[in-house]
file protein-v3.txt (compact mmCIF, C-alpha atoms)
# COMPACT_ATOMS: atom_id res chain seq x y z
CA MET A 1 -33.64 29.67 0.99
CA PRO A 2 -34.23 26.09 -0.21
CA MET A 3 -33.22 23.36 2.21
CA SER A 4 -30.88 20.60 1.08
CA ARG A 5 -32.58 17.25 0.65
CA ILE A 6 -30.88 14.24 2.20
CA MET A 7 -31.56 11.03 0.33
CA THR A 8 -33.37 8.38 2.34
CA PRO A 9 -32.01 4.89 1.64
CA ARG A 10 -34.51 2.18 0.94
CA LYS A 11 -34.04 -1.56 0.73
CA ILE A 12 -35.37 -3.91 -1.92
CA THR A 13 -34.96 -7.59 -2.64
CA HIS A 14 -33.58 -8.47 -6.07
CA LYS A 15 -33.06 -12.10 -7.08
CA GLY A 16 -32.73 -13.13 -3.46
CA ALA A 17 -30.30 -10.39 -2.44
CA THR A 18 -31.04 -7.30 -0.34
CA ILE A 19 -30.07 -4.12 -2.21
CA THR A 20 -29.87 -0.64 -0.72
CA LEU A 21 -31.04 2.09 -3.11
CA PRO A 22 -29.82 4.44 -4.42
CA LEU A 23 -26.91 2.11 -5.16
CA TYR A 24 -23.56 3.90 -4.93
CA LEU A 25 -21.22 3.22 -7.86
CA ASP A 26 -19.00 6.32 -7.89
CA TYR A 27 -16.03 5.16 -5.83
CA GLN A 28 -13.55 7.07 -8.02
CA ALA A 29 -15.23 10.33 -7.03
CA SER A 30 -15.34 9.47 -3.34
CA THR A 31 -15.36 6.43 -1.11
CA PRO A 32 -17.70 6.08 1.88
CA LEU A 33 -16.18 6.82 5.26
CA ASP A 34 -15.44 3.45 6.83
CA PRO A 35 -17.28 3.07 10.18
CA ALA A 36 -14.05 1.93 11.87
CA VAL A 37 -12.37 5.16 10.74
CA GLN A 38 -15.29 7.24 11.95
CA ARG A 39 -15.07 5.67 15.40
CA GLN A 40 -11.42 6.62 15.73
CA MET A 41 -12.18 10.20 14.67
CA ALA A 42 -15.09 10.65 17.11
CA PRO A 43 -13.14 11.66 20.26
CA TYR A 44 -11.40 14.46 18.37
CA LEU A 45 -14.75 15.81 17.21
CA ASN A 46 -16.51 15.55 20.57
CA SER A 47 -14.11 16.02 23.47
CA GLN A 48 -10.45 16.27 22.45
CA TRP A 49 -10.69 19.67 20.77
CA GLY A 50 -7.25 21.05 21.64
CA ASN A 51 -5.07 22.83 19.10
CA PRO A 52 -2.29 20.37 18.18
CA HIS A 53 0.18 23.25 18.06
CA SER A 54 -0.52 24.30 21.67
CA SER A 55 2.33 23.15 23.92
CA THR A 56 1.24 24.38 27.34
CA HIS A 57 -1.57 21.96 28.24
CA GLY A 58 -2.78 18.40 27.86
CA PHE A 59 -5.40 19.13 25.21
CA GLY A 60 -2.70 20.28 22.82
CA HIS A 61 -0.39 17.39 23.72
CA GLU A 62 -3.18 14.85 23.14
CA ALA A 63 -4.02 16.31 19.72
CA ARG A 64 -0.38 16.50 18.67
CA ASN A 65 0.28 12.90 19.72
CA ALA A 66 -2.77 11.74 17.74
CA ILE A 67 -1.53 13.55 14.65
CA GLU A 68 1.94 12.05 14.94
CA THR A 69 0.38 8.59 15.25
CA ALA A 70 -1.54 9.28 12.05
CA ARG A 71 1.65 10.44 10.35
CA ARG A 72 3.28 7.12 11.25
CA GLN A 73 0.28 5.18 9.92
CA ILE A 74 0.47 6.98 6.56
CA ALA A 75 4.22 6.47 6.37
CA GLN A 76 3.84 2.75 7.07
CA LEU A 77 1.35 2.38 4.21
CA LEU A 78 3.89 3.89 1.79
CA GLY A 79 7.05 2.36 3.26
CA ALA A 80 8.24 5.86 4.18
CA GLU A 81 9.51 7.62 7.29
CA PRO A 82 7.04 9.73 9.31
CA ARG A 83 9.18 12.85 8.80
CA GLU A 84 8.58 12.49 5.05
CA ILE A 85 4.78 12.92 5.38
CA LEU A 86 3.19 16.38 5.07
CA PHE A 87 -0.52 16.85 5.77
CA THR A 88 -2.57 18.78 3.19
CA SER A 89 -6.26 19.42 2.55
CA GLY A 90 -6.34 16.69 -0.10
CA ALA A 91 -4.59 15.39 -3.20
CA THR A 92 -5.24 18.59 -5.14
CA GLU A 93 -3.27 20.67 -2.65
CA ALA A 94 -0.62 17.95 -2.44
CA ASN A 95 -0.27 17.99 -6.23
CA ASN A 96 0.06 21.77 -6.25
CA LEU A 97 2.66 21.71 -3.49
CA ALA A 98 4.64 18.98 -5.23
CA ILE A 99 4.56 20.54 -8.68
CA LEU A 100 4.64 24.27 -8.01
CA GLY A 101 6.67 23.91 -4.84
CA HIS A 102 9.37 21.87 -6.52
CA VAL A 103 9.64 23.62 -9.87
CA ARG A 104 9.59 27.15 -8.43
CA GLY A 105 12.59 26.22 -6.32
CA HIS A 106 14.72 25.89 -9.47
CA SER A 107 16.24 28.79 -11.37
CA GLY A 108 17.18 29.08 -15.02
CA ASP A 109 15.60 27.04 -17.79
CA ARG A 110 13.03 24.59 -16.43
CA HIS A 111 11.15 21.79 -18.15
CA VAL A 112 8.41 19.49 -16.81
CA ILE A 113 7.00 16.29 -18.35
CA SER A 114 3.54 14.84 -17.79
CA VAL A 115 0.87 13.13 -19.91
CA GLU A 116 -2.29 14.32 -21.65
CA THR A 117 -4.54 12.11 -19.51
CA GLU A 118 -3.58 13.52 -16.11
CA HIS A 119 -6.18 14.85 -13.68
CA GLU A 120 -6.91 18.57 -13.76
CA ALA A 121 -5.28 18.82 -10.34
CA VAL A 122 -2.00 18.21 -12.18
CA LEU A 123 -2.77 19.84 -15.53
CA ALA A 124 -3.90 23.13 -13.97
CA PRO A 125 -0.65 23.71 -12.00
CA LEU A 126 1.28 22.84 -15.14
CA LYS A 127 -0.65 25.48 -17.06
CA GLN A 128 0.24 27.98 -14.35
CA LEU A 129 3.91 27.07 -14.62
CA HIS A 130 3.70 27.55 -18.38
CA ARG A 131 2.41 31.08 -17.76
CA GLU A 132 5.46 31.58 -15.55
CA GLY A 133 7.83 30.62 -18.36
CA VAL A 134 8.32 26.92 -17.64
CA GLU A 135 8.29 24.63 -20.67
CA ILE A 136 5.76 21.81 -20.37
CA THR A 137 5.69 18.58 -22.38
CA LEU A 138 2.48 16.53 -22.28
CA LEU A 139 3.14 13.10 -23.71
CA PRO A 140 0.45 11.25 -25.70
CA VAL A 141 -1.01 7.87 -24.78
CA ASP A 142 -2.05 4.96 -26.95
CA ALA A 143 -5.57 3.65 -27.52
CA LYS A 144 -5.40 1.71 -24.24
CA GLY A 145 -4.21 4.76 -22.30
CA GLY A 146 -0.64 3.46 -22.07
CA LEU A 147 2.53 5.54 -22.16
CA ASP A 148 5.44 4.71 -24.48
CA LEU A 149 8.47 4.73 -22.19
CA ASP A 150 10.78 5.38 -25.12
CA GLN A 151 8.91 8.63 -25.73
CA LEU A 152 9.45 9.53 -22.08
CA LYS A 153 13.17 8.89 -22.38
CA GLN A 154 13.37 10.98 -25.55
CA ALA A 155 11.49 13.85 -23.91
CA LEU A 156 13.92 14.16 -21.00
CA ARG A 157 16.39 17.05 -21.24
CA PRO A 158 19.19 18.46 -19.10
CA GLU A 159 16.76 21.17 -17.90
CA THR A 160 13.97 18.71 -16.98
CA VAL A 161 13.30 19.19 -13.27
CA LEU A 162 10.15 17.12 -12.78
CA VAL A 163 8.14 14.23 -14.24
CA SER A 164 4.57 13.90 -12.95
CA LEU A 165 2.49 10.80 -13.76
CA MET A 166 -0.53 9.50 -11.86
CA MET A 167 -0.57 6.05 -10.26
CA ALA A 168 -3.98 5.20 -11.74
CA ASN A 169 -6.20 7.20 -14.05
CA ASN A 170 -9.33 8.45 -12.34
CA GLU A 171 -11.57 7.87 -15.37
CA THR A 172 -10.30 4.57 -16.78
CA GLY A 173 -8.34 3.03 -13.91
CA ILE A 174 -5.40 2.42 -16.25
CA CYS A 175 -2.00 2.38 -14.49
CA PRO A 176 1.42 3.28 -15.88
CA ASP A 177 4.51 1.29 -14.87
CA LEU A 178 5.68 3.44 -11.97
CA ASP A 179 8.65 1.20 -11.24
CA ALA A 180 10.03 1.58 -14.77
CA ILE A 181 9.27 5.30 -14.91
CA GLY A 182 10.88 5.87 -11.54
CA GLN A 183 14.01 4.05 -12.62
CA ILE A 184 14.26 6.17 -15.78
CA CYS A 185 13.91 9.36 -13.74
CA ARG A 186 16.40 8.21 -11.10
CA GLU A 187 19.01 7.39 -13.74
CA MET A 188 18.59 10.86 -15.26
CA GLY A 189 18.56 12.65 -11.90
CA VAL A 190 15.01 13.95 -12.43
CA THR A 191 12.47 14.28 -9.61
CA PHE A 192 9.45 12.00 -10.04
CA HIS A 193 5.99 12.87 -8.66
CA SER A 194 2.92 10.65 -8.73
CA ASP A 195 -0.68 11.50 -7.90
CA ALA A 196 -1.62 8.25 -6.15
CA ALA A 197 -5.13 9.28 -5.07
CA GLN A 198 -6.87 6.68 -7.23
CA GLY A 199 -4.43 3.82 -7.03
CA LEU A 200 -3.81 3.25 -3.35
CA SER A 201 -7.17 1.68 -2.49
CA THR A 202 -6.30 -1.53 -4.39
CA ARG A 203 -2.60 -1.31 -5.37
CA LYS A 204 0.52 -1.17 -3.24
CA LEU A 205 3.08 1.61 -3.56
CA ASP A 206 6.31 1.17 -1.60
CA VAL A 207 8.55 4.23 -1.92
CA GLY A 208 11.47 2.14 -0.72
CA LYS A 209 11.20 0.02 -3.87
CA THR A 210 9.74 2.47 -6.40
CA ALA A 211 11.96 5.45 -7.20
CA VAL A 212 9.29 8.08 -6.64
CA ASP A 213 10.19 11.29 -4.81
CA LEU A 214 6.79 12.92 -4.25
CA VAL A 215 3.45 11.12 -3.77
CA SER A 216 0.03 12.72 -3.33
CA LEU A 217 -2.88 11.00 -1.61
CA SER A 218 -6.38 11.88 -0.45
CA GLY A 219 -8.45 10.63 2.48
CA HIS A 220 -11.78 10.37 0.70
CA LYS A 221 -10.39 8.04 -1.98
CA ILE A 222 -9.34 5.40 0.58
CA TYR A 223 -12.40 5.26 2.88
CA GLY A 224 -11.21 8.17 5.01
CA PRO A 225 -12.70 11.64 5.51
CA MET A 226 -12.98 14.43 2.96
CA GLY A 227 -10.86 17.52 3.42
CA ILE A 228 -7.59 15.82 4.30
CA GLY A 229 -4.69 14.43 2.29
CA ALA A 230 -0.95 14.10 2.43
CA LEU A 231 2.19 14.52 0.41
CA TYR A 232 5.12 12.15 0.70
CA GLN A 233 8.34 14.14 0.27
CA ARG A 234 11.46 12.02 -0.02
CA ASP A 235 14.31 13.24 2.16
CA GLY A 236 16.43 15.66 0.13
CA CYS A 237 13.67 16.59 -2.34
CA ALA A 238 13.37 20.36 -2.00
CA LEU A 239 10.05 22.23 -1.95
CA THR A 240 9.03 25.86 -1.51
CA PRO A 241 5.78 26.64 0.35
CA LEU A 242 2.56 27.77 -1.29
CA VAL A 243 0.83 28.89 1.93
CA TYR A 244 2.46 31.22 4.45
CA GLY A 245 1.49 32.10 8.00
CA GLY A 246 3.04 29.58 10.37
CA ALA A 247 5.79 27.03 10.85
CA GLN A 248 3.56 23.97 10.69
CA GLU A 249 4.61 20.99 8.56
CA LYS A 250 8.28 21.96 8.44
CA GLY A 251 7.31 25.45 7.28
CA LEU A 252 5.93 24.05 4.01
CA ARG A 253 2.23 24.19 4.78
CA ALA A 254 1.07 26.86 7.23
CA GLY A 255 -2.17 26.44 9.15
CA THR A 256 -3.59 24.59 12.15
CA LEU A 257 -3.89 20.89 11.39
CA PRO A 258 -7.41 19.43 11.75
CA THR A 259 -6.82 16.72 14.34
CA ALA A 260 -9.93 14.64 13.63
CA LEU A 261 -9.29 14.61 9.89
CA CYS A 262 -5.63 13.70 10.34
CA VAL A 263 -6.64 10.88 12.68
CA GLY A 264 -9.16 9.70 10.09
CA LEU A 265 -6.58 9.63 7.32
CA GLY A 266 -4.16 7.69 9.48
CA ALA A 267 -6.84 5.20 10.50
CA ALA A 268 -7.89 4.73 6.86
CA CYS A 269 -4.28 4.03 5.88
CA GLU A 270 -3.85 1.49 8.67
CA LEU A 271 -7.10 -0.25 7.72
CA LEU A 272 -6.09 -0.23 4.07
CA ALA A 273 -2.77 -1.89 4.83
CA ASP A 274 -4.64 -4.72 6.56
CA GLN A 275 -7.31 -5.45 3.96
CA ARG A 276 -6.22 -3.99 0.62
CA ASP A 277 -5.25 -7.34 -0.87
CA SER A 278 -8.56 -8.96 0.05
CA ASP A 279 -10.45 -5.87 -1.16
CA ALA A 280 -8.64 -5.97 -4.48
CA ALA A 281 -9.30 -9.67 -5.07
CA ARG A 282 -13.01 -9.40 -4.26
CA ILE A 283 -13.47 -6.21 -6.31
CA SER A 284 -11.67 -7.80 -9.25
CA ASP A 285 -14.15 -10.70 -9.17
CA LEU A 286 -17.08 -8.27 -9.07
CA ARG A 287 -15.66 -6.34 -12.01
CA GLN A 288 -15.41 -9.52 -14.07
CA GLN A 289 -18.96 -10.47 -13.08
CA LEU A 290 -20.21 -7.12 -14.33
CA ILE A 291 -18.31 -7.24 -17.63
CA SER A 292 -19.34 -10.84 -18.31
CA GLY A 293 -22.99 -10.11 -17.56
CA LEU A 294 -23.11 -7.19 -19.98
CA LYS A 295 -21.13 -8.86 -22.75
CA SER A 296 -23.14 -12.08 -22.57
CA ALA A 297 -26.21 -10.03 -23.46
CA HIS A 298 -24.84 -7.55 -25.98
CA GLY A 299 -21.37 -8.77 -26.95
CA GLU A 300 -19.48 -6.33 -29.14
CA ALA A 301 -21.92 -3.50 -28.42
CA VAL A 302 -20.20 -3.17 -25.02
CA GLN A 303 -16.76 -1.56 -25.28
CA VAL A 304 -14.52 -1.48 -22.18
CA ASN A 305 -11.67 0.99 -21.77
CA GLU A 306 -8.98 -1.07 -20.08
CA ASP A 307 -5.41 -2.26 -20.23
CA PRO A 308 -4.98 -5.71 -18.64
CA THR A 309 -1.27 -5.03 -18.08
CA GLY A 310 -2.04 -2.23 -15.63
CA GLN A 311 -5.53 -1.61 -14.23
CA ILE A 312 -7.15 -0.95 -10.86
CA PRO A 313 -10.12 -3.32 -10.58
CA GLY A 314 -12.59 -0.89 -9.01
CA CYS A 315 -12.83 1.45 -12.00
CA LEU A 316 -14.85 0.27 -15.00
CA SER A 317 -15.08 2.61 -17.98
CA LEU A 318 -17.39 1.33 -20.72
CA ARG A 319 -19.84 2.34 -23.40
CA PHE A 320 -22.72 0.89 -25.36
CA ASP A 321 -22.02 1.83 -28.97
CA GLY A 322 -24.44 4.41 -30.31
CA ILE A 323 -26.01 5.24 -26.94
CA GLU A 324 -25.46 8.54 -25.11
CA ALA A 325 -24.26 7.99 -21.56
CA GLU A 326 -26.54 10.75 -20.27
CA ASP A 327 -29.57 8.94 -21.73
CA LEU A 328 -28.60 5.79 -19.85
CA LEU A 329 -28.11 7.73 -16.62
CA HIS A 330 -31.58 9.26 -16.87
CA ALA A 331 -33.03 5.79 -17.35
CA MET A 332 -31.36 4.50 -14.15
CA PRO A 333 -32.21 6.97 -11.35
CA ASP A 334 -31.42 4.41 -8.64
CA LEU A 335 -27.78 4.02 -9.74
CA ALA A 336 -25.24 6.61 -8.61
CA LEU A 337 -22.54 6.52 -11.26
CA ALA A 338 -20.74 8.95 -13.53
CA THR A 339 -19.65 9.75 -17.06
CA GLY A 340 -16.16 10.92 -16.10
CA SER A 341 -14.22 12.87 -13.50
CA ALA A 342 -16.34 14.41 -10.73
CA CYS A 343 -14.18 17.54 -10.98
CA THR A 344 -15.42 18.23 -14.53
CA SER A 345 -18.87 16.63 -14.44
CA LEU A 346 -20.61 20.01 -14.52
CA GLU A 347 -18.93 20.91 -17.80
CA ALA A 348 -20.68 19.76 -20.97
CA ARG A 349 -17.60 18.58 -22.83
CA PRO A 350 -16.20 15.16 -23.73
CA SER A 351 -13.57 13.60 -21.50
CA HIS A 352 -10.05 14.83 -22.31
CA VAL A 353 -8.80 11.41 -21.20
CA LEU A 354 -10.87 9.48 -23.73
CA LEU A 355 -10.13 11.98 -26.50
CA ALA A 356 -6.40 11.56 -25.81
CA MET A 357 -6.89 7.79 -26.21
CA GLY A 358 -8.13 8.43 -29.75
CA GLN A 359 -11.85 8.18 -29.17
CA SER A 360 -14.22 10.44 -31.04
CA PRO A 361 -16.35 12.98 -29.14
CA ILE A 362 -19.36 10.73 -29.80
CA GLU A 363 -17.61 7.68 -28.33
CA ALA A 364 -16.39 9.70 -25.34
CA SER A 365 -19.91 11.02 -24.72
CA ALA A 366 -21.23 7.46 -24.69
CA THR A 367 -18.90 6.36 -21.89
CA LEU A 368 -19.99 5.52 -18.35
CA ARG A 369 -17.69 5.18 -15.34
CA LEU A 370 -18.75 2.63 -12.74
CA GLY A 371 -16.96 2.45 -9.41
CA ILE A 372 -16.85 -0.78 -7.41
CA GLY A 373 -15.67 -0.64 -3.82
CA ARG A 374 -15.43 -2.13 -0.36
CA ALA A 375 -19.18 -2.13 0.27
CA THR A 376 -20.26 -3.45 -3.14
CA THR A 377 -21.75 -6.95 -3.13
CA ALA A 378 -22.34 -9.62 -5.76
CA GLY A 379 -26.07 -8.94 -5.38
CA ASP A 380 -25.42 -5.28 -6.15
CA ILE A 381 -23.62 -6.24 -9.35
CA THR A 382 -26.49 -8.49 -10.46
CA TYR A 383 -28.87 -5.57 -9.95
CA VAL A 384 -26.56 -3.21 -11.88
CA ILE A 385 -26.37 -5.62 -14.81
CA ASP A 386 -30.15 -5.88 -15.00
CA GLN A 387 -30.58 -2.12 -14.70
CA LEU A 388 -28.02 -1.39 -17.41
CA LEU A 389 -29.49 -3.94 -19.79
CA ALA A 390 -33.01 -2.63 -19.24
CA ALA A 391 -31.86 0.97 -19.75
CA TYR A 392 -30.03 -0.02 -22.93
CA SER A 393 -33.15 -1.72 -24.30
CA ASN A 394 -35.33 1.30 -23.45
CA VAL A 395 -32.94 3.88 -24.89
CA SER A 396 -32.01 1.93 -28.03
CA GLY A 397 -35.70 1.45 -28.65
call {"tool": "encode", "arguments": {"input": "protein-v3.txt", "output": "structure tokens"}}
result
Amino acid sequence: MPMSRIMTPRKITHKGATITLPLYLDYQASTPLDPAVQRQMAPYLNSQWGNPHSSTHGFGHEARNAIETARRQIAQLLGAEPREILFTSGATEANNLAILGHVRGHSGDRHVISVETEHEAVLAPLKQLHREGVEITLLPVDAKGGLDLDQLKQALRPETVLVSLMMANNETGICPDLDAIGQICREMGVTFHSDAAQGLSTRKLDVGKTAVDLVSLSGHKIYGPMGIGALYQRDGCALTPLVYGGAQEKGLRAGTLPTALCVGLGAACELLADQRDSDAARISDLRQQLISGLKSAHGEAVQVNEDPTGQIPGCLSLRFDGIEAEDLLHAMPDLALATGSACTSLEARPSHVLLAMGQSPIEASATLRLGIGRATTAGDITYVIDQLLAAYSNVSG
């Protein structure tokens, strides 16, 4: 059986800056575990191994108290109450619980609205509901990935039971106006769900101000551990369980909670609340540095998929006209970046997000996704610019 190979980092000096290679630029797929988060998780991996649902000894009490602290930390990030937070294995499970769990609790005619550019973790449950007889409307987006709110209003019906729209697109970083969408849904008495996995690292979401009823989040998108996420469930928003076997999480999500992972998610949320604004400002500057460096060399040959009215700064989706993204990737082995969603990267097909924005399959296949995050430096960006420009020159010949 072949052994897995762990990459060995190496350091170089580039234009006076120390760069660690391979250089990680795939923050939309996963963020590195913050060392401060890892330190808070360590006791629950090494010595505090009690089952949090055991009530007869101190090990169980310690684990349960740690989990409830984490629940409060997550709630504080969202402006919610701790009782409104349900732990899940990640945003995918949270999306499934929100969508399937809410819609299946309704009888009679049921209708759900979403958009064509949603993540597969939303589109796949919607397809399942369609097989169960639920009518699904997927709204189009414009060339910038934006949603026409008038189309949303027109699509709402008396039998509409759910609207699901992501906080930030995982391929382009483009953000819909959640405040306006939430207000439309609230006025019509329709439950509003948002997959916030991509948006929370640099944008604030306060459920006390935004009329959103269900919010999904994931630890490994906000510098926490993989394998843990949460669902915000507004008081009074009914759900039916997907997993049976125990009374954990108000009977909505059976199974022993992983204490260390829950602690990690809570710690990541607390850290995020403290430094998100400074992260966002610095990452925004790095994004502009990268765009300016590429455009100063090749101008109109560089096309950026963005909407300045609503954009997370850490996601940069761009293409060099006439150049296949895969060719560029092969020419830059020291850069870890992507062509689209990590969940579909093994499938040889153009991005459904870019196609929905009106791009041709050729344009979609030319698109790279670069992720900028907490650990990215200005020196890293200078190196990326030089690598991209050199790869473009080599590939374009």
call {"tool": "residues_around", "arguments": {"input": "protein-v3.txt", "residues": "region 245-262 of chain A", "least_positions_apart": "6", "cutoff": "8 Å", "atoms": "only C-alpha atoms", "output": "list in words"}}
result
Met41, Ala42, Pro43, Tyr44, Leu45, Asn51, Pro52, His53, Ala63, Arg64, Ala66, Ile67, Ala70, Arg71, Leu86, Phe87, Thr88, Pro225, Met226, Gly227, Ile228 and Leu239 of chain A
call {"tool": "atom_distance", "arguments": {"input": "protein-v3.txt", "atom1": "CA of Gln275 (chain A)", "atom2": "CA of Leu200 (chain A)"}}
result
11.9 Å
call {"tool": "closest_atom_pairs", "arguments": {"input": "protein-v3.txt", "of": "region 289-360 of chain A", "to": "region 374-382 of chain A", "cutoff": "10 Å", "atoms": "all atoms listed in the file", "output": "CSV"}}
result
residue,atom,partner,partner_atom,distance
A:Gln289,CA,A:Ile381,CA,7.3
A:Leu290,CA,A:Ile381,CA,6.1
A:Ile291,CA,A:Ile381,CA,9.9
A:Gly293,CA,A:Thr382,CA,8.1
A:Gly314,CA,A:Arg374,CA,9.2
call {"tool": "atom_distance", "arguments": {"input": "protein-v3.txt", "atom1": "CA of Met166 (chain A)", "atom2": "CA of Gln28 (chain A)"}}
result
13.8 Å
call {"tool": "residues_around", "arguments": {"input": "protein-v3.txt", "residues": "Leu78 (chain A)", "least_positions_apart": "2", "cutoff": "12 Å", "atoms": "all atoms listed in the file", "output": "PyMOL selection string"}}
result
chain A and resi 71-76+80-82+84-85+196+200+203-210+212-217+230-234+266+269-270+272-273
call {"tool": "closest_residue", "arguments": {"input": "protein-v3.txt", "among": "A:Arg287, A:His298, A:Arg319, A:His111", "to": "His130 (chain A)", "atoms": "all atoms listed in the file"}}
result
A:His111
call {"tool": "closest_residue", "arguments": {"input": "protein-v3.txt", "among": "A:Leu178, A:Leu368, A:Ala301, A:Leu242", "to": "Glu326 (chain A)", "atoms": "all atoms listed in the file"}}
result
A:Leu368
call {"tool": "atom_distance", "arguments": {"input": "protein-v3.txt", "atom1": "CA of Pro308 (chain A)", "atom2": "CA of Ile174 (chain A)"}}
result
8.5 Å
call {"tool": "closest_residue", "arguments": {"input": "protein-v3.txt", "among": "A:Arg104, A:Arg349, A:Arg369, A:His61", "to": "Glu306 (chain A)", "atoms": "all atoms listed in the file"}}
result
A:Arg369
call {"tool": "closest_residue", "arguments": {"input": "protein-v3.txt", "among": "A:Ala267, A:Leu316, A:Leu335, A:Val302", "to": "Thr69 (chain A)", "atoms": "all atoms listed in the file"}}
result
A:Ala267
call {"tool": "closest_residue", "arguments": {"input": "protein-v3.txt", "among": "A:Asn96, A:Val190, A:Pro35, A:Asp148", "to": "Arg110 (chain A)", "atoms": "only C-alpha atoms"}}
result
A:Val190
